[in-house]
Amino acid sequence: MEDRKPRLLLGVTGCIAAYKSVELLRFLQKASAEVRVVMTESATEFVGPATFEALTGAPVGTGLFRSAVDPIPHIALAEWCDGFVIAPCTANVMAKLAHGIADDLLTSTALACMAPLMVAPAMNVHMYENAATQANLALLKERGLYIIEPDSGYLACGDVGPGRLPEPAELAQRVMALVQESLAGELAHAEAVQDLADAKVVITAGPTREPIDEVRYLSNYSSGKMGYSLAEAARDRGAAVTLVSGPVSLSCPEGVERVMVTTAQEMLEATMEAAQDAAIVICTAAVADYRPAQVADHKLKKGQDDEALSRLQLVENPDILKTVAQAAGSDQTVVGFAAETDSVVDYGREKLAAKGADLIVANEVGPQKGFGQDTNEVTLISAQGEQSLPSMPKRQLADVIFDAILELRG
Ligand code: PMT
């Protein structure tokens, strides 16, 4: 990227907090961003476009047609910006974003925008807590949008609760941090050695959940961080990445195809399908080895279903790593992890043979170790030998693992 100021598009929607967008704009400018503004029609009822035009020195987009911004304003703005922050974002605009509705300049630009989209909801507490709004929020988070949660407090309508737009100074700080992080990632991405270009890499990540009844399940503490770091590293090195993920709260890394699954059986099916034409398959997921033999179709109740609750019958789950390794061709590299609480390297060696993997990444797990942490300490085990690595951030470790895989592939 050429040396220039970060370009931010500020979207303003029709909410009483729209006046705070003016201050937000000033803080963003003070933090060295070049800012342009796009408004919904309703937003102009709260703050005039002239205010933003005077402060940015650029035309403010409100309509899709006869725009002073560009003949095709939504594409021009989407391509111009390094980040698009919608603050305040009303429940209505959030619903449109969640469902791909693009009926004005702001929502059309959001749909066309490839840069990080940041949304700062602000509304009445009951509108915010409404199940429809919460479902839309969950959908946006799931798709990788950055949600800047509202503050809780006394709202303009007199109600008290979550729904307040955070203070502009704090908002600006968070927006700038996100954009700078994204720009740094883009730079690293552009500079990364493209030694996985044209390769398809499949990665399993996160835990599986094995249902017991309508409300309970068996699972573990995997956060998905290790698998998602591997997905980012593979993408940065040019691979086409499919991430088969159990339930986690992480956003899908940009440029990665993600398949969400819940159970081990679902993970097996998704992995086997994706693995067919993959060069590398890495099983990072913490798959439940067993699942309940029967799933009750109602909540098992204390006092009524004591027998079922106290004697949970389990059956073995399919072994995804082993199944992938057995089906793999000679040009495919299959990598597994070994999560152990003791004798990590010995068990790791056993798993290399038992699962038929080309490489095992053995790590110790336990309280404050492995699961959920940002760092990991592993030993790489292959037929060629073992390499113990110091503790390092999972994203950095991901690159070391790919270096080892590429060395194995020759
Ligand atoms: O997600 P994080 O919070 O970042 O934590 C990362 C991690 C600790 C989950 C990760 O580093 C890790 O160790 N993953 C493997 C967890 C695991 O299930 O290990 P295991 O030793 O039980 O299984 C060995 C291998 O077989 C693993 O590659 C596993 O994905 C695979 N397996 C296990 C059981 C099964 N039914 N199918 C499988 O494919």
# chains A, B, ... in the order shown; residues from 1 in each chain; ligands from 1
call {"tool": "closest_atom_pairs", "arguments": {"of": "chain A", "to": "ligand 1", "cutoff": "7 Å", "atoms": "only C-alpha atoms and all ligand atoms", "output": "tab-separated table"}}
result
residue	atom	partner	partner_atom_place_in_ligand_line	distance
A:Ala205	CA	ligand 1	1 (O)	6.4
A:Gly206	CA	ligand 1	1 (O)	4.8
A:Tyr221	CA	ligand 1	3 (O)	6.5
A:Ser222	CA	ligand 1	3 (O)	3.8
A:Ser223	CA	ligand 1	3 (O)	3.6
A:Gly224	CA	ligand 1	1 (O)	3.4
A:Lys225	CA	ligand 1	4 (O)	3.6
A:Met226	CA	ligand 1	4 (O)	3.7
A:Gly227	CA	ligand 1	1 (O)	6.3
A:Ala264	CA	ligand 1	36 (N)	6.6
A:Cys283	CA	ligand 1	30 (O)	4.3
A:Thr284	CA	ligand 1	14 (N)	4.3
A:Ala285	CA	ligand 1	30 (O)	4.3
A:Ala286	CA	ligand 1	18 (O)	3.4
A:Val287	CA	ligand 1	34 (C)	4.7
A:Ala288	CA	ligand 1	36 (N)	5.8
A:Asp289	CA	ligand 1	36 (N)	4.5
A:Asn317	CA	ligand 1	36 (N)	5.3
A:Pro318	CA	ligand 1	36 (N)	5.1
A:Asp319	CA	ligand 1	37 (N)	3.6
A:Ile320	CA	ligand 1	39 (O)	3.5
A:Leu321	CA	ligand 1	39 (O)	3.7
A:Lys322	CA	ligand 1	39 (O)	6.5
A:Gly336	CA	ligand 1	28 (O)	3.6
A:Phe337	CA	ligand 1	28 (O)	3.8
A:Ala338	CA	ligand 1	21 (O)	3.5
A:Ala339	CA	ligand 1	21 (O)	4.0
A:Glu340	CA	ligand 1	21 (O)	6.1
A:Lys351	CA	ligand 1	24 (C)	6.8
A:Ala362	CA	ligand 1	13 (O)	6.8
A:Asn363	CA	ligand 1	13 (O)	5.7
A:Val365	CA	ligand 1	8 (C)	6.0
A:Gly370	CA	ligand 1	8 (C)	4.4
A:Phe371	CA	ligand 1	3 (O)	3.5
A:Gly372	CA	ligand 1	3 (O)	3.5
A:Gln373	CA	ligand 1	3 (O)	6.1
call {"tool": "residues_around", "arguments": {"residues": "A:Lys394", "least_positions_apart": "6", "cutoff": "6 Å", "atoms": "only C-alpha atoms", "output": "PyMOL selection string"}}
result
chain A and resi 226+374-376
call {"tool": "closest_residue", "arguments": {"among": "A:Val119, A:Ala172, A:Leu9, A:Ala328", "to": "A:Leu97", "atoms": "only C-alpha atoms"}}
result
A:Val119
call {"tool": "closest_atom_pairs", "arguments": {"of": "stretch 159-213 of chain A", "to": "stretch 71-91 of chain A", "cutoff": "9 Å", "atoms": "only C-alpha atoms", "output": "Markdown table"}}
result
| residue | atom | partner | partner_atom | distance |
| --- | --- | --- | --- | --- |
| A:Leu165 | CA | A:Pro88 | CA | 6.5 |
| A:Leu171 | CA | A:Ala87 | CA | 8.8 |
| A:Val175 | CA | A:Val85 | CA | 7.4 |
| A:Leu178 | CA | A:Gly83 | CA | 8.5 |
| A:Val179 | CA | A:Gly83 | CA | 6.0 |
| A:Ser182 | CA | A:Asp82 | CA | 8.3 |
| A:Leu183 | CA | A:Asp82 | CA | 7.5 |
call {"tool": "atom_distance", "arguments": {"atom1": "atom CA of A:Ser249", "atom2": "atom CA of A:Leu139"}}
result
11.7 Å
call {"tool": "select_by_dssp", "arguments": {"residues": "stretch 261-370 of chain A", "states": "helix (DSSP H, G or I)", "output": "PyMOL selection string"}}
result
chain A and resi 264-275+306-310+320-327+344-355
call {"tool": "residues_around", "arguments": {"residues": "A:Gly63", "least_positions_apart": "5", "cutoff": "8 Å", "atoms": "only C-alpha atoms", "output": "list in words"}}
result
Thr40, Glu41, Asp104 and Leu105 of chain A
call {"tool": "decode", "arguments": {"residues": "stretch 207-244 of chain A", "atoms": "N, CA, C and O atoms", "output": "compact mmCIF listing (two decimals), in the first residue's frame"}}
result
# COMPACT_ATOMS: atom_id res chain seq x y z
N PRO A 207 -14.21 -26.95 18.93
CA PRO A 207 -14.72 -28.18 19.54
C PRO A 207 -15.85 -28.79 18.71
O PRO A 207 -16.29 -28.16 17.74
N THR A 208 -16.28 -29.98 19.06
CA THR A 208 -17.58 -30.43 18.55
C THR A 208 -18.52 -30.46 19.75
O THR A 208 -18.07 -30.46 20.89
N ARG A 209 -19.79 -30.44 19.45
CA ARG A 209 -20.80 -30.56 20.51
C ARG A 209 -21.65 -31.78 20.22
O ARG A 209 -22.17 -31.91 19.10
N GLU A 210 -21.78 -32.64 21.21
CA GLU A 210 -22.54 -33.87 21.02
C GLU A 210 -23.78 -33.79 21.90
O GLU A 210 -23.68 -33.84 23.13
N PRO A 211 -24.96 -33.66 21.27
CA PRO A 211 -26.16 -33.42 22.08
C PRO A 211 -26.56 -34.61 22.97
O PRO A 211 -26.43 -35.76 22.56
N ILE A 212 -27.00 -34.25 24.17
CA ILE A 212 -27.53 -35.25 25.11
C ILE A 212 -29.07 -35.21 25.03
O ILE A 212 -29.73 -36.22 24.93
N ASP A 213 -29.59 -34.00 25.05
CA ASP A 213 -31.04 -33.81 24.89
C ASP A 213 -31.24 -32.43 24.25
O ASP A 213 -30.30 -31.89 23.65
N GLU A 214 -32.42 -31.89 24.37
CA GLU A 214 -32.71 -30.62 23.71
C GLU A 214 -31.88 -29.45 24.26
O GLU A 214 -31.75 -28.42 23.60
N VAL A 215 -31.33 -29.60 25.47
CA VAL A 215 -30.67 -28.44 26.09
C VAL A 215 -29.23 -28.71 26.55
O VAL A 215 -28.55 -27.80 27.01
N ARG A 216 -28.78 -29.97 26.44
CA ARG A 216 -27.43 -30.27 26.97
C ARG A 216 -26.57 -30.91 25.90
O ARG A 216 -27.08 -31.56 24.98
N TYR A 217 -25.26 -30.76 26.07
CA TYR A 217 -24.34 -31.42 25.15
C TYR A 217 -23.02 -31.73 25.82
O TYR A 217 -22.71 -31.17 26.87
N LEU A 218 -22.23 -32.62 25.19
CA LEU A 218 -20.87 -32.91 25.63
C LEU A 218 -19.93 -32.11 24.74
O LEU A 218 -20.11 -32.09 23.54
N SER A 219 -18.93 -31.47 25.32
CA SER A 219 -18.00 -30.70 24.51
C SER A 219 -16.68 -30.51 25.26
O SER A 219 -16.40 -31.24 26.22
N ASN A 220 -15.87 -29.57 24.85
CA ASN A 220 -14.60 -29.30 25.53
C ASN A 220 -14.27 -27.81 25.40
O ASN A 220 -15.05 -27.05 24.87
N TYR A 221 -13.08 -27.43 25.87
CA TYR A 221 -12.75 -26.01 25.99
C TYR A 221 -12.08 -25.39 24.76
O TYR A 221 -11.59 -24.27 24.84
N SER A 222 -12.04 -26.09 23.65
CA SER A 222 -11.34 -25.51 22.48
C SER A 222 -12.01 -24.21 22.04
O SER A 222 -13.23 -24.14 21.89
N SER A 223 -11.19 -23.19 21.80
CA SER A 223 -11.72 -21.88 21.39
C SER A 223 -11.68 -21.72 19.87
O SER A 223 -12.26 -20.79 19.32
N GLY A 224 -10.90 -22.57 19.20
CA GLY A 224 -10.72 -22.44 17.75
C GLY A 224 -9.52 -21.60 17.37
O GLY A 224 -9.16 -21.50 16.20
N LYS A 225 -8.85 -20.96 18.37
CA LYS A 225 -7.78 -20.00 18.04
C LYS A 225 -6.64 -20.65 17.25
O LYS A 225 -6.11 -20.04 16.32
N MET A 226 -6.26 -21.87 17.62
CA MET A 226 -5.13 -22.52 16.92
C MET A 226 -5.52 -22.79 15.45
O MET A 226 -4.78 -22.46 14.53
N GLY A 227 -6.70 -23.36 15.25
CA GLY A 227 -7.13 -23.68 13.89
C GLY A 227 -7.33 -22.43 13.04
O GLY A 227 -6.98 -22.40 11.85
N TYR A 228 -7.90 -21.38 13.64
CA TYR A 228 -8.14 -20.15 12.88
C TYR A 228 -6.81 -19.48 12.54
O TYR A 228 -6.68 -18.86 11.48
N SER A 229 -5.82 -19.60 13.43
CA SER A 229 -4.49 -19.02 13.13
C SER A 229 -3.88 -19.76 11.95
O SER A 229 -3.25 -19.13 11.08
N LEU A 230 -4.04 -21.08 11.91
CA LEU A 230 -3.53 -21.85 10.78
C LEU A 230 -4.22 -21.42 9.49
O LEU A 230 -3.58 -21.29 8.44
N ALA A 231 -5.52 -21.18 9.57
CA ALA A 231 -6.28 -20.76 8.38
C ALA A 231 -5.75 -19.41 7.88
O ALA A 231 -5.55 -19.22 6.66
N GLU A 232 -5.48 -18.49 8.80
CA GLU A 232 -4.96 -17.17 8.40
C GLU A 232 -3.58 -17.31 7.76
O GLU A 232 -3.28 -16.67 6.75
N ALA A 233 -2.74 -18.14 8.38
CA ALA A 233 -1.37 -18.31 7.86
C ALA A 233 -1.42 -18.90 6.45
O ALA A 233 -0.71 -18.43 5.54
N ALA A 234 -2.27 -19.92 6.26
CA ALA A 234 -2.35 -20.57 4.94
C ALA A 234 -2.86 -19.57 3.90
O ALA A 234 -2.32 -19.47 2.79
N ARG A 235 -3.87 -18.79 4.29
CA ARG A 235 -4.40 -17.77 3.37
C ARG A 235 -3.31 -16.76 3.01
O ARG A 235 -3.13 -16.43 1.84
N ASP A 236 -2.57 -16.30 4.01
CA ASP A 236 -1.54 -15.29 3.76
C ASP A 236 -0.44 -15.82 2.85
O ASP A 236 0.23 -15.05 2.17
N ARG A 237 -0.26 -17.15 2.86
CA ARG A 237 0.78 -17.73 2.00
C ARG A 237 0.21 -18.15 0.65
O ARG A 237 0.88 -18.83 -0.13
N GLY A 238 -1.02 -17.76 0.37
CA GLY A 238 -1.57 -17.93 -0.97
C GLY A 238 -2.50 -19.11 -1.17
O GLY A 238 -3.00 -19.33 -2.27
N ALA A 239 -2.76 -19.89 -0.10
CA ALA A 239 -3.60 -21.09 -0.27
C ALA A 239 -5.08 -20.73 -0.39
O ALA A 239 -5.51 -19.66 0.06
N ALA A 240 -5.82 -21.65 -1.00
CA ALA A 240 -7.29 -21.58 -0.96
C ALA A 240 -7.68 -22.38 0.27
O ALA A 240 -7.41 -23.58 0.34
N VAL A 241 -8.27 -21.71 1.26
CA VAL A 241 -8.47 -22.37 2.56
C VAL A 241 -9.93 -22.68 2.83
O VAL A 241 -10.79 -21.81 2.70
N THR A 242 -10.18 -23.93 3.24
CA THR A 242 -11.50 -24.28 3.76
C THR A 242 -11.33 -24.59 5.24
O THR A 242 -10.51 -25.43 5.61
N LEU A 243 -12.11 -23.87 6.05
CA LEU A 243 -12.03 -24.03 7.50
C LEU A 243 -13.32 -24.73 7.95
O LEU A 243 -14.40 -24.16 7.84
N VAL A 244 -13.17 -25.95 8.44
CA VAL A 244 -14.35 -26.68 8.95
C VAL A 244 -14.35 -26.44 10.45
O VAL A 244 -13.48 -26.95 11.16
